[in-house]
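Structure record follows, encoded as structure tokens.
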Amino acid sequence: YLFLVIMVGLTLAAVVAMVLHPIRWTWEEQRLVVYGPIAAGVLIFLGALATGRLDHTYHVSRFTVTPPEAAFAAIVLGLVIYGGFVVAGRVGFGPLAVTPAPDDPKALLDAPSAAPRGWLNLGSGFGLPAIWTLACLVGLPLVVYVIAYIPWAWVEGHQLWPGWPPGHSGQTLLDLTAAMYNYHNNLASGHPASSPWWAWPFDLKPVWFYQDSFAGGTSASIYDAGNLVSWWLAIPALGFAAWQAFKRRSVGLGLIVIAFACQWLGWARIDRAEFQYHYYTALPFLLIALAYFIAELWHGPSWRTWVLARLAGAAAILGPFAFWLLHRPLCAIAQVNVINPGSSSCPTAIPDLTLSPRTLATALVLGVGVLLTLRLLLGSGGSDGDGRGRPGPSVRGRVLRAGAIAAGVVVSLTAISVALPTSGYSLIAFPVEPIAAIVTIALLPVAAYVATARDSRRFAAGMVAAIGLWFVAWYPNISALPMPSSLTNVYQGLLPTYIYSFQFWVNTSARGAAPSLFGAWPAFLLVAMTALTVAVGYSAWQWRIAAAERRRDDAAWRGESGAGSAA
């Protein structure tokens with residue numbers, strides 16, 4: 001049902017976008033849509049005639065069809081589409097559209113965007129771009145898939161298709177593909193490293209590939225944890241790219257957003273155990289959106305974009321501890337205790353916590369060091385940013401200050417380790433929320449400083465630097481670099497969902513038979529969706545006309561007011 005809601009929402013969003021920012025239809029596209037089914041019907045008939053299969057019966061779900069019937073249906077479909085264009089095209093923006101009268105409210109609307117030319121127009125060149133797109137998205141992947149299994153076909157008598165390679169009589173590629181599909185479709189067991197599609201953008205559950213302990217109290221691990229800074233900041237960046245694709249009518253940005261959605265949202269339909277590496281085909285488009293967002297900040301953002309960037313940066317700073325603070329609701333959303341009853345992660349308690357002067361002093365020194373470093377990174381460059389034009393620190397000065405901060409932190413930590421005792425008050429099975437609340441409150445000044453940054457270029461550079469620093473800091477725990485076991489545990493406890501016993505819910509019930517695609521309920525859904533689409537499109541159209549009339553009335557009122565003032 002969630003997947004259904006997402007698809008309905010995206011469909012309605014597309015309808016509203018097309019009504020508010022329409023693009024002119026062309027004769028080439030109209031001919032492709034009308035003549036395409038007719039040409040397909042003719043090819044079906046001629047192909048069946050050439051192969052002697054005119055009388056062959058094909059089964060599609062509960063229906064049976066012969067090639068002449070399929071050809072006739074395709075030709076009728078083309079004629080029906082033509083009739084639809086004749087009726088609906090006259091009120092649209094295509095070649096059949098009627099020019100509105102001067103007193104018609106539609107005359108107030110801005111002209112639609114010009115139709116794309118060349119390869120972006122699917123109807124140009126007798127539909128060659130459409131054919132090429134279909135070949136790239138369907139034909140080419142199938143060819144690559146089959147070629148990849150040629151080595152498999154030459155062992156143990158396997159066959160790519162019946163009779164090839166010659167002399168083989170084993171499993172065919174089609175049978176193997178069906179077996180793989182049935183395995184994944186019927187998988188009904190949970191896994192501690194699995195996570196649903198909505199958890200992937202937040203990097204909530206990396207998959208552990210390797211973990212081992214060594215001498216000297218060290219251990220090492222490898223798992224597919226993403227760069228938390230880039231992943232989290234890319235979420236608002238993708239939203240920004242989607243909005244700019246609509247506002248700027250950008251085909252490039254639209255391609256990035258749609259490609260990401262196609263690679264990611266399809267997993268919302270899956271309820272078996274999924275893993276974060278399934279997200280990696282969508283990740284390149286997400287990072288492209290982040291690069292575009294950073295470039296926008298570098299070249300001078302609007303005030304809305306600037307506010308979005310600063311709030312996103314502040315939220316990213318508070319995010320890890322906010323997850324710990326709210327880990328009980330997160331446990332309920334993930335249904336941890338349903339799939340893993342009695343999990344020690346819900347709620348999480350610290351087995352043995354000692355509050356000592358050394359611990360408190362170390363936390364204070366690190367907090368001050370982080371705040372000073374962020375101030376140095378995000379402070380305005382070239383001037384102090386308050387309009388008085390005082391020169392900011394030079395590059396050499398900033399490097400010296402960064403070195404001084406690092407040296408001060410190291411000296412302070414060394415002094416603390418020597419002078420302050422480790423003994424203190426011990427707490428057994430202490431809830432994690434109070435500590436998360438204290439750390440969150442301590443980080444509020446840092447988040448506030450980020451949220452009030454004044455130099456967008458320095459902010460963009462700070463984002464890139466933070467991404468690089470996170471990679472350096474996290475590299476030991478994704479490369480099997482031996483570290484003290486206590487430090488390894490700190491890495492693996494960054495978020496409450498990283499803990500092994502925090503398991504996301506998956507469907508463990510037996511899979512039922514798939515419903516018929518041509519049943520009563522799919523037909524009802526199609527009719528209801530069509531009616532909803534028409535209603536939403538009509539509402540958006542009326543809103544667009546009302547907005548145009550309001551602009552006309554406001555312009556007339558301003559003109560009359562100006563004339564009255566002049567008189």
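Note on naming: chains are A, B, ... as they come in the structure tokens, residues start from 1 per chain, ligands start from 1 in the order shown.
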
Inset, instruction - Could you find all residues in segment 39-285 of chain A that DSSP calls helix (DSSP H, G or I) from the backbone, and write them as an MDAnalysis selection string? - result: chainID A and resid 39:51 67:91 105:108 118:120 124:148 150:153 173:186 197:202 228:247 251:269 276:281 283:285

Legend entry - Neighbour list for segment 272-282 of chain A as number ranges by chain, cut-off 10 Å, only C-alpha atoms, skip fewer than 2 positions in-chain: A: 184-197, 199-201, 203-207, 224-226, 256-257, 259-265, 267, 269-270, 284-287, 504-509

Selected residues written out with C-alpha atoms, as a short mmCIF file (atom, residue, chain, number, x, y, z; two decimals), in the first residue's frame:
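Result file is result09.cif:
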data_model
loop_
_atom_site.label_atom_id
_atom_site.label_comp_id
_atom_site.auth_asym_id
_atom_site.auth_seq_id
_atom_site.Cartn_x
_atom_site.Cartn_y
_atom_site.Cartn_z
CA HIS A 184 13.95 -13.86 -4.00
CA ASN A 185 10.18 -13.58 -4.29
CA ASN A 186 9.60 -16.36 -1.74
CA LEU A 187 12.38 -15.38 0.69
CA ALA A 188 10.68 -15.11 4.09
CA SER A 189 13.46 -14.90 6.66
CA GLY A 190 14.90 -11.93 8.47
CA HIS A 191 18.52 -10.83 8.67
CA PRO A 192 20.26 -8.62 11.26
CA ALA A 193 22.00 -6.60 8.53
CA SER A 194 18.89 -5.98 6.41
CA SER A 195 17.22 -2.61 6.16
CA PRO A 196 14.23 -1.22 4.24
CA TRP A 197 14.47 1.20 1.35
CA ALA A 199 16.52 3.66 5.78
CA TRP A 200 19.15 3.72 3.04
CA PRO A 201 19.46 7.51 2.47
CA ASP A 203 22.79 5.12 6.22
CA LEU A 204 20.91 3.46 9.06
CA LYS A 205 22.15 -0.10 8.59
CA PRO A 206 25.48 -0.82 6.90
CA VAL A 207 26.18 -4.45 6.01
CA ASP A 224 29.56 -0.65 3.58
CA ALA A 225 28.93 2.42 5.72
CA GLY A 226 28.43 5.46 3.53
CA ILE A 256 19.00 13.20 -12.41
CA VAL A 257 15.91 13.24 -10.19
CA ALA A 259 16.96 8.38 -12.59
CA PHE A 260 17.40 8.44 -8.82
CA ALA A 261 13.71 7.78 -8.23
CA CYS A 262 13.67 4.87 -10.70
CA GLN A 263 16.66 3.23 -9.01
CA TRP A 264 15.38 3.76 -5.45
CA LEU A 265 11.60 3.89 -5.22
CA TRP A 267 12.35 -1.07 -3.70
CA ARG A 269 7.36 -2.52 -3.28
CA ILE A 270 9.67 -5.19 -1.78
CA PRO A 284 25.61 8.38 -8.21
CA PHE A 285 22.57 10.49 -9.08
CA LEU A 286 22.21 11.54 -5.45
CA LEU A 287 25.82 12.73 -5.33
CA PHE A 504 14.40 -4.08 10.82
CA TRP A 505 11.11 -5.85 10.17
CA VAL A 506 10.72 -7.99 7.06
CA ASN A 507 7.81 -10.08 5.86
CA THR A 508 8.30 -13.63 7.13
CA SER A 509 4.92 -14.99 6.03
#

Inset, instruction - For Gly217 of chain A, list every protein, DNA or RNA residue within 7 Å, evaluated using only C-alpha atoms, and leave out those in the same chain fewer than 2 positions away; present the list as a PyMOL selection string. - result: chain A and resi 214-215+219+484-485

For the residues in the current selection, export N, CA and C atoms as a PDB file, in the first residue's frame.
ATOM      1  N   PHE A 214      42.173  -9.405  17.089  1.00  0.00           N
ATOM      2  CA  PHE A 214      43.587  -9.726  16.980  1.00  0.00           C
ATOM      3  C   PHE A 214      44.247  -9.580  18.343  1.00  0.00           C
ATOM      4  N   ALA A 215      45.538  -9.862  18.369  1.00  0.00           N
ATOM      5  CA  ALA A 215      46.292  -9.748  19.620  1.00  0.00           C
ATOM      6  C   ALA A 215      46.390  -8.289  20.042  1.00  0.00           C
ATOM      7  N   SER A 219      40.943  -5.010  17.035  1.00  0.00           N
ATOM      8  CA  SER A 219      39.999  -5.668  16.130  1.00  0.00           C
ATOM      9  C   SER A 219      39.875  -4.835  14.868  1.00  0.00           C
ATOM     10  N   PRO A 484      42.199  -0.366  18.492  1.00  0.00           N
ATOM     11  CA  PRO A 484      41.740  -0.840  19.804  1.00  0.00           C
ATOM     12  C   PRO A 484      40.256  -1.176  19.766  1.00  0.00           C
ATOM     13  N   SER A 485      39.898  -2.282  20.383  1.00  0.00           N
ATOM     14  CA  SER A 485      38.516  -2.755  20.307  1.00  0.00           C
ATOM     15  C   SER A 485      37.525  -1.731  20.820  1.00  0.00           C
TER      16      SER A 485
END

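Excluding segment 154-163 of chain A and any residue on its chain fewer than 3 positions from it, the residues at most 12 Å away by only C-alpha atoms are Val143, Tyr145, Val146, Ile147, Ala148, Tyr149, Ile150, Pro151, Pro166, Gly167, His168, Ser169, Gly170, Gln171, Thr172, Leu173, Leu174, Asp175, Leu176 and Thr177 of chain A.
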
Inset, instruction - Might you pull out every residue within 9 Å of segment 527-533 of chain A, with only C-alpha atoms counted and same-chain residues fewer than 4 positions away left off, and present them as a ChimeraX atom specification? - result: /A:8,11-12,15,522-523,537-538

Legend entry - Spatial neighbours of Phe323 of chain A, 12 Å, only C-alpha atoms, chain gap at least 6 places, as a PyMOL selection string: chain A and resi 202-204+315-317+329-331+432-433+436-437+439-440+493-498

Legend entry - Contacts of segment 38-44 of chain A within 10 Å, only C-alpha atoms, excl. fewer than 3 positions in-chain, as a PyMOL selection string: chain A and resi 32-35+47-50+54+67-79

Inset, instruction - Go through A:Arg511, A:His299, A:His21, A:Arg117 and flag the residue nearest Arg248 of chain A, using only C-alpha atoms for the distances. - result: A:His21

Inset, instruction - Figure out the distance between atom CA of Ala402 of chain A and atom CA of Thr362 of chain A, please, to one decimal in Å. - result: 19.2 Å

Legend entry - segment 52-285 of chain A: residues DSSP assigns to strand (DSSP E), reported as an MDAnalysis selection string: chainID A and resid 58:60 63:65 208:214 218:223
